[in-house]
$ cat run_8.tsv   # TSV, C-alpha atoms
chain	number	residue	atom	x	y	z
F	24	ALA	CA	-26.10	-8.98	-3.94
F	25	GLU	CA	-27.43	-5.42	-4.07
F	26	ARG	CA	-28.20	-5.47	-0.34
F	27	PHE	CA	-24.70	-6.75	0.43
F	28	LEU	CA	-23.06	-4.05	-1.72
F	29	LEU	CA	-25.16	-1.29	-0.17
F	30	LEU	CA	-24.35	-2.49	3.36
F	31	TRP	CA	-20.66	-2.63	2.43
F	32	PHE	CA	-20.69	1.01	1.35
F	33	LEU	CA	-22.81	2.19	4.30
F	34	CYS	CA	-20.56	0.45	6.86
F	35	VAL	CA	-17.51	2.26	5.50
F	36	LEU	CA	-19.35	5.59	5.32
F	37	VAL	CA	-20.71	5.35	8.87
F	38	LEU	CA	-17.52	4.06	10.52
F	39	PHE	CA	-15.26	6.69	9.00
F	40	SER	CA	-17.84	9.41	9.65
F	41	LEU	CA	-17.63	8.54	13.34
F	42	ALA	CA	-13.82	8.46	13.36
F	43	GLY	CA	-11.97	11.39	14.87
F	44	THR	CA	-9.43	11.61	12.04
F	45	LYS	CA	-10.87	11.86	8.53
F	46	LEU	CA	-9.11	11.97	5.18
F	47	PRO	CA	-11.01	11.91	1.87
F	48	HIS	CA	-9.33	8.77	0.57
F	49	TYR	CA	-10.61	6.72	3.54
F	50	LEU	CA	-13.91	6.44	1.64
F	51	LEU	CA	-12.16	4.56	-1.18
F	52	TYR	CA	-12.72	1.33	0.77
F	53	GLY	CA	-16.43	1.87	0.19
F	54	CYS	CA	-16.21	2.86	-3.48
F	55	THR	CA	-15.77	-0.70	-4.80
F	56	PRO	CA	-19.40	-1.70	-4.10
F	57	LEU	CA	-20.60	1.53	-5.71
F	58	PHE	CA	-18.62	0.72	-8.85
F	59	LEU	CA	-20.10	-2.79	-8.94
F	60	LEU	CA	-23.61	-1.43	-8.48
F	61	GLY	CA	-23.04	1.14	-11.22
F	62	GLY	CA	-21.72	-1.52	-13.57
F	63	ARG	CA	-24.74	-3.68	-12.87
F	64	VAL	CA	-27.13	-0.83	-13.65
F	65	LEU	CA	-25.21	0.01	-16.82
F	66	ALA	CA	-25.26	-3.62	-17.98
F	67	GLU	CA	-29.05	-3.73	-17.61
F	68	VAL	CA	-29.51	-0.78	-19.99
F	69	ARG	CA	-29.72	-2.54	-23.34
F	70	GLY	CA	-28.90	-1.67	-26.94
F	71	GLU	CA	-28.76	1.89	-28.17
F	72	ASP	CA	-30.74	3.27	-25.26
F	73	ARG	CA	-30.04	6.94	-24.65
F	74	LEU	CA	-29.62	6.34	-20.94
F	75	ARG	CA	-26.77	3.91	-21.58
F	76	SER	CA	-25.06	6.42	-23.86
F	77	ALA	CA	-25.46	9.09	-21.19
F	78	PHE	CA	-23.93	6.81	-18.57
F	79	GLU	CA	-20.98	6.02	-20.80
F	80	LEU	CA	-20.43	9.69	-21.66
F	81	LEU	CA	-20.52	10.68	-18.00
F	82	ALA	CA	-18.20	7.88	-16.91
F	83	ALA	CA	-15.65	8.63	-19.65
F	84	LEU	CA	-15.50	12.40	-19.36
F	85	ILE	CA	-16.25	13.39	-15.76
F	86	LEU	CA	-12.72	12.84	-14.39
F	87	PRO	CA	-10.75	14.56	-17.20
F	88	ALA	CA	-13.30	17.39	-17.14
F	89	CYS	CA	-12.71	17.76	-13.40
F	90	ALA	CA	-8.95	17.80	-14.00
F	91	LEU	CA	-9.31	20.65	-16.51
F	92	ALA	CA	-11.67	22.53	-14.18
F	93	LEU	CA	-9.54	21.95	-11.06
F	94	PRO	CA	-7.77	25.35	-11.22
F	95	LEU	CA	-11.12	27.13	-11.41
F	96	ILE	CA	-12.55	24.96	-8.62
F	97	ALA	CA	-9.54	25.73	-6.40
F	98	ALA	CA	-9.76	29.48	-7.10
F	99	ARG	CA	-13.50	29.58	-6.39
F	100	GLY	CA	-13.00	27.52	-3.24
F	101	ALA	CA	-10.27	29.84	-1.99
F	102	ALA	CA	-12.43	32.90	-2.58
F	103	ALA	CA	-15.50	31.39	-0.90
F	104	SER	CA	-13.88	29.63	2.05
F	105	GLY	CA	-14.04	31.18	5.49
F	106	ASN	CA	-11.43	28.73	6.77
F	107	PRO	CA	-7.97	30.39	6.71
F	108	TYR	CA	-6.18	27.06	6.28
F	109	LEU	CA	-8.28	25.97	3.30
F	110	ARG	CA	-8.15	29.43	1.75
F	111	GLU	CA	-4.36	29.65	1.83
F	112	MET	CA	-3.96	26.02	0.75
F	113	LEU	CA	-6.21	26.48	-2.29
F	114	GLN	CA	-4.46	29.71	-3.26
F	115	GLN	CA	-1.38	27.71	-4.28
F	116	GLY	CA	-2.81	27.13	-7.74
F	117	ALA	CA	0.16	28.54	-9.62
F	118	ALA	CA	2.44	25.84	-8.21
F	119	ALA	CA	0.14	22.98	-9.17
F	120	PHE	CA	-1.61	24.09	-12.36
F	121	GLY	CA	1.08	24.95	-14.85
F	122	PRO	CA	1.15	24.22	-18.60
F	123	LEU	CA	2.03	20.58	-17.92
F	124	HIS	CA	-1.17	20.07	-15.93
F	125	TYR	CA	-3.35	21.60	-18.65
F	126	GLY	CA	-1.56	19.66	-21.39
F	127	LEU	CA	-1.88	16.30	-19.64
F	128	ALA	CA	-5.51	16.97	-18.74
F	129	ALA	CA	-6.30	17.82	-22.38
F	130	VAL	CA	-4.59	14.62	-23.59
F	131	TRP	CA	-6.57	12.65	-21.00
F	132	LEU	CA	-9.82	14.18	-22.24
F	133	LEU	CA	-9.00	13.39	-25.89
F	134	LEU	CA	-8.07	9.80	-25.08
F	135	ALA	CA	-11.30	9.36	-23.12
F	136	LEU	CA	-13.28	10.72	-26.08
F	137	ALA	CA	-11.44	8.38	-28.45
F	138	CYS	CA	-12.28	5.36	-26.27
F	139	LEU	CA	-15.88	6.48	-26.08
F	140	LEU	CA	-16.22	6.95	-29.85
F	141	LEU	CA	-14.56	3.60	-30.51
F	142	SER	CA	-16.97	1.93	-28.11
F	143	TRP	CA	-19.98	3.47	-29.85
F	144	ARG	CA	-18.72	2.54	-33.33
F	145	GLN	CA	-18.07	-1.06	-32.36
F	146	ARG	CA	-21.33	-1.54	-30.50
F	147	ALA	CA	-22.82	-4.71	-31.91
F	148	PRO	CA	-24.04	-8.02	-30.54
F	149	LEU	CA	-21.34	-10.18	-28.99
F	150	LEU	CA	-21.21	-13.13	-31.41
F	151	PRO	CA	-18.72	-15.86	-32.26
F	152	PRO	CA	-16.49	-14.72	-35.14
F	153	GLU	CA	-17.50	-17.65	-37.32
F	154	SER	CA	-20.57	-19.81	-37.80
F	155	ALA	CA	-22.08	-22.13	-40.38
F	156	ASP	CA	-24.82	-21.28	-42.89
F	157	PRO	CA	-27.64	-23.76	-43.77
F	158	ASP	CA	-25.39	-25.36	-46.44
F	159	GLY	CA	-22.65	-26.05	-43.91
F	160	ARG	CA	-20.29	-23.37	-45.17
F	161	VAL	CA	-18.33	-21.41	-42.58
F	162	VAL	CA	-19.13	-17.69	-42.67
F	163	ARG	CA	-17.96	-14.73	-40.63
F	164	LEU	CA	-20.74	-12.98	-38.73
F	165	PRO	CA	-20.89	-9.24	-38.10
F	166	GLY	CA	-20.41	-8.45	-34.44
F	167	ARG	CA	-17.81	-8.13	-31.73
F	168	THR	CA	-15.51	-10.89	-30.63
F	169	LEU	CA	-14.87	-11.46	-26.94
F	170	ALA	CA	-11.46	-9.83	-27.36
F	171	ASP	CA	-13.16	-6.71	-28.78
F	172	ALA	CA	-15.54	-6.58	-25.84
F	173	ARG	CA	-12.75	-6.96	-23.30
F	174	TRP	CA	-10.66	-4.26	-24.95
F	175	MET	CA	-13.61	-1.87	-24.91
F	176	VAL	CA	-13.78	-2.32	-21.13
F	177	VAL	CA	-10.02	-2.33	-20.44
F	178	ALA	CA	-9.01	0.68	-22.56
F	179	PRO	CA	-11.18	3.31	-20.77
F	180	GLY	CA	-10.08	1.87	-17.42
F	181	LEU	CA	-6.41	2.18	-18.34
F	182	VAL	CA	-6.93	5.74	-19.59
F	183	SER	CA	-8.69	6.68	-16.33
F	184	ALA	CA	-6.01	5.05	-14.18
F	185	LEU	CA	-3.22	6.87	-16.04
F	186	GLY	CA	-5.09	10.16	-15.87
F	187	ILE	CA	-5.64	9.88	-12.13
F	188	SER	CA	-2.00	8.90	-11.53
F	189	LEU	CA	-0.39	11.46	-13.84
F	190	VAL	CA	-2.78	14.42	-13.62
F	191	LEU	CA	-5.14	14.47	-10.62
F	192	LEU	CA	-2.99	13.00	-7.87
F	193	PRO	CA	0.14	15.11	-8.58
F	194	ALA	CA	-1.94	18.30	-8.55
F	195	LEU	CA	-3.74	17.41	-5.33
F	196	THR	CA	-0.48	16.30	-3.71
F	197	THR	CA	1.19	19.60	-4.61
F	198	ILE	CA	-1.67	21.57	-3.06
F	199	GLN	CA	-2.21	19.58	0.13
F	200	GLN	CA	0.89	17.54	0.95
F	201	GLU	CA	3.81	19.52	-0.44
F	202	PRO	CA	3.42	22.28	2.22
F	203	VAL	CA	3.41	19.60	4.94
F	204	ARG	CA	6.58	18.05	3.50
F	205	ALA	CA	8.29	21.46	3.25
F	206	ALA	CA	7.28	22.38	6.82
F	207	ALA	CA	8.65	19.08	8.14
F	208	ARG	CA	11.89	19.55	6.20
F	209	TYR	CA	12.31	23.00	7.72
F	210	ALA	CA	11.45	21.80	11.23
F	211	ALA	CA	13.94	18.93	10.92
F	212	SER	CA	16.68	21.41	9.97
F	213	LEU	CA	16.24	23.18	13.32
F	214	GLY	CA	17.34	20.05	15.19
F	215	VAL	CA	15.02	20.63	18.18
F	216	PRO	CA	11.83	18.90	19.39
F	217	VAL	CA	8.60	20.06	17.74
F	218	VAL	CA	5.27	20.40	19.51
F	219	SER	CA	2.26	19.47	17.40
F	220	ASP	CA	-1.00	17.53	17.58
F	221	ASP	CA	-2.25	14.45	15.75
F	222	ARG	CA	-4.42	16.24	13.18
F	223	MET	CA	-1.77	15.89	10.47
F	224	PRO	CA	0.11	12.62	11.09
F	225	SER	CA	1.93	12.94	7.77
F	226	PHE	CA	3.99	15.76	9.33
F	227	SER	CA	5.58	13.28	11.75
F	228	VAL	CA	6.22	10.87	8.88
F	229	TYR	CA	8.07	13.53	6.88
F	230	LEU	CA	9.83	14.75	10.04
F	231	GLY	CA	11.16	11.27	10.71
F	232	HIS	CA	10.05	11.02	14.35
F	233	ALA	CA	7.02	11.67	16.53
F	234	THR	CA	6.20	15.18	17.67
F	235	GLU	CA	5.40	16.14	21.26
F	236	VAL	CA	1.63	16.22	21.76
F	237	ARG	CA	0.99	18.67	24.60
F	238	ALA	CA	0.07	22.27	25.31
F	239	VAL	CA	2.65	24.73	24.02
F	240	ARG	CA	5.01	26.62	26.35
F	241	VAL	CA	7.17	29.71	25.89
F	242	GLY	CA	10.16	28.94	23.68
F	243	ASP	CA	8.63	25.85	22.03
F	244	ILE	CA	8.92	25.23	18.31
F	245	ALA	CA	5.34	24.39	17.29
F	246	PHE	CA	3.70	23.21	14.09
F	247	GLY	CA	0.03	23.81	13.30
F	248	ARG	CA	-2.66	24.92	10.91
F	249	LEU	CA	-4.11	28.40	10.69
F	250	ASP	CA	-7.58	27.12	11.56
F	251	HIS	CA	-6.25	25.79	14.90
F	252	PRO	CA	-4.42	28.85	16.28
F	253	ASP	CA	-4.47	27.45	19.82
F	254	ARG	CA	-1.70	25.06	18.75
F	255	LEU	CA	0.57	28.02	17.93
F	256	GLY	CA	0.22	30.00	21.16
F	257	SER	CA	-1.40	33.38	21.70
F	258	ARG	CA	1.79	35.11	20.49
F	259	HIS	CA	4.48	33.63	18.29
F	260	GLU	CA	7.25	34.30	15.81
F	261	VAL	CA	6.56	32.77	12.40
F	262	LEU	CA	9.51	30.73	11.15
F	263	PHE	CA	7.83	28.96	8.21
F	264	ALA	CA	4.59	29.76	6.40
F	265	ARG	CA	3.09	27.94	3.43
F	266	GLY	CA	-0.25	26.50	2.38
F	267	GLY	CA	-2.08	27.42	5.58
F	268	LEU	CA	0.61	25.78	7.76
F	269	ARG	CA	2.97	27.41	10.22
F	270	VAL	CA	6.13	26.51	12.11
F	271	VAL	CA	6.52	29.06	14.91
F	272	ARG	CA	8.52	29.89	18.01
F	273	VAL	CA	6.03	30.35	20.84
F	274	LEU	CA	6.34	33.68	22.69
F	275	ALA	CA	3.26	33.26	24.87
F	276	PRO	CA	1.13	30.10	25.37

$ encode --input "run_8.tsv" --output "structure tokens"
Amino acid sequence: AERFLLLWFLCVLVLFSLAGTKLPHYLLYGCTPLFLLGGRVLAEVRGEDRLRSAFELLAALILPACALALPLIAARGAAASGNPYLREMLQQGAAAFGPLHYGLAAVWLLLALACLLLSWRQRAPLLPPESADPDGRVVRLPGRTLADARWMVVAPGLVSALGISLVLLPALTTIQQEPVRAAARYAASLGVPVVSDDRMPSFSVYLGHATEVRAVRVGDIAFGRLDHPDRLGSRHEVLFARGGLRVVRVLAP
């Protein structure tokens, strides 16, 4: 089983590493075996072992902690990046990290802590709720019921799923995809063909039709990223600028 899960992950990692177009979420197809392997390791750590507690603490808190630290991570990344597209994209922190983001991230962190504390308080052997003593009398035994055990697994998963959906993904979408959507909306309003390449296929999706994939010519309306200036011509007039993206009128190819 371990060999199968490792091969599953490595196949996804290798295949998408070789692909010409890469997006971070492509690796999600290979995360399932990692989760299963991690769960297997965690299940083998018995009782009150400190390693098990450390695993649980890390699993419960790493994502909400990342959500709270995301503004700092984006600011540091913008300052350190030599890529003009990444630098300008990460500088959009004010649009993505308002009071709502901080508030939701803090609630996520508190809920994760509550699930973790509840799990530690209820840690006990999984036993049937009732048994019989030597005299045949039915007694209730201390310990968790199966329903308790299931809830202790489901609750942190639900909290994580809600946190990712309501906190992490909206922030990341605002930073990376909202400029693409706005650029496509502007380009569509011009009512003319747009020259682009296939590095950002979501632009064509938001635009509503395919772009022309070719070398730019004088007078073209072109879309591109700052780190690929060849797609914008040697001289151009900037019509739209946001998040490291440009829609331009080409003055010289």

$ atom_distance --input "run_8.tsv" --atom1 "atom CA of Leu191 of chain F" --atom2 "atom CA of Gly105 of chain F"
24.9 Å

$ atom_distance --input "run_8.tsv" --atom1 "atom CA of Gly266 of chain F" --atom2 "atom CA of Leu192 of chain F"
17.2 Å

$ atom_distance --input "run_8.tsv" --atom1 "atom CA of Gly231 of chain F" --atom2 "atom CA of Gly43 of chain F"
23.5 Å

$ closest_residue --input "run_8.tsv" --among "F:Ala128, F:Phe39, F:Leu84, F:Trp31" --to "Leu59 of chain F" --atoms "all atoms listed in the file"
F:Trp31

$ closest_residue --input "run_8.tsv" --among "F:Leu109, F:Pro56, F:Leu33, F:Leu139" --to "Leu80 of chain F" --atoms "all atoms listed in the file"
F:Leu139

$ closest_residue --input "run_8.tsv" --among "F:Ala178, F:Ala135, F:Ala245, F:Val228" --to "Val270 of chain F" --atoms "only C-alpha atoms"
F:Ala245

$ residues_around --input "run_8.tsv" --residues "Ala88 of chain F" --least-positions-apart "4" --cutoff "10 Å" --atoms "all atoms listed in the file" --output "list in words"
Leu81, Ala83, Leu84, Ala92, Leu93, Ala128, Ala129, Trp131 and Leu132 of chain F

$ residues_around --input "run_8.tsv" --residues "Phe32 of chain F" --least-positions-apart "3" --cutoff "12 Å" --atoms "only C-alpha atoms" --output "list in words"
Glu25, Arg26, Phe27, Leu28, Leu29, Val35, Leu36, Val37, Leu38, Phe39, Tyr49, Leu50, Leu51, Tyr52, Gly53, Cys54, Thr55, Pro56, Leu57, Phe58, Leu59 and Leu60 of chain F

$ residues_around --input "run_8.tsv" --residues "Glu260 of chain F" --least-positions-apart "3" --cutoff "12 Å" --atoms "all atoms listed in the file" --output "compact mmCIF listing (two decimals) with C-alpha atoms, in the frame of the given file"
# COMPACT_ATOMS: atom_id res chain seq x y z
CA VAL F 241 7.17 29.71 25.89
CA GLY F 242 10.16 28.94 23.68
CA ASP F 243 8.63 25.85 22.03
CA ILE F 244 8.92 25.23 18.31
CA ALA F 245 5.34 24.39 17.29
CA PHE F 246 3.70 23.21 14.09
CA LEU F 255 0.57 28.02 17.93
CA GLY F 256 0.22 30.00 21.16
CA SER F 257 -1.40 33.38 21.70
CA PHE F 263 7.83 28.96 8.21
CA ALA F 264 4.59 29.76 6.40
CA ARG F 269 2.97 27.41 10.22
CA VAL F 270 6.13 26.51 12.11
CA VAL F 271 6.52 29.06 14.91
CA ARG F 272 8.52 29.89 18.01
CA VAL F 273 6.03 30.35 20.84
CA LEU F 274 6.34 33.68 22.69
CA ALA F 275 3.26 33.26 24.87
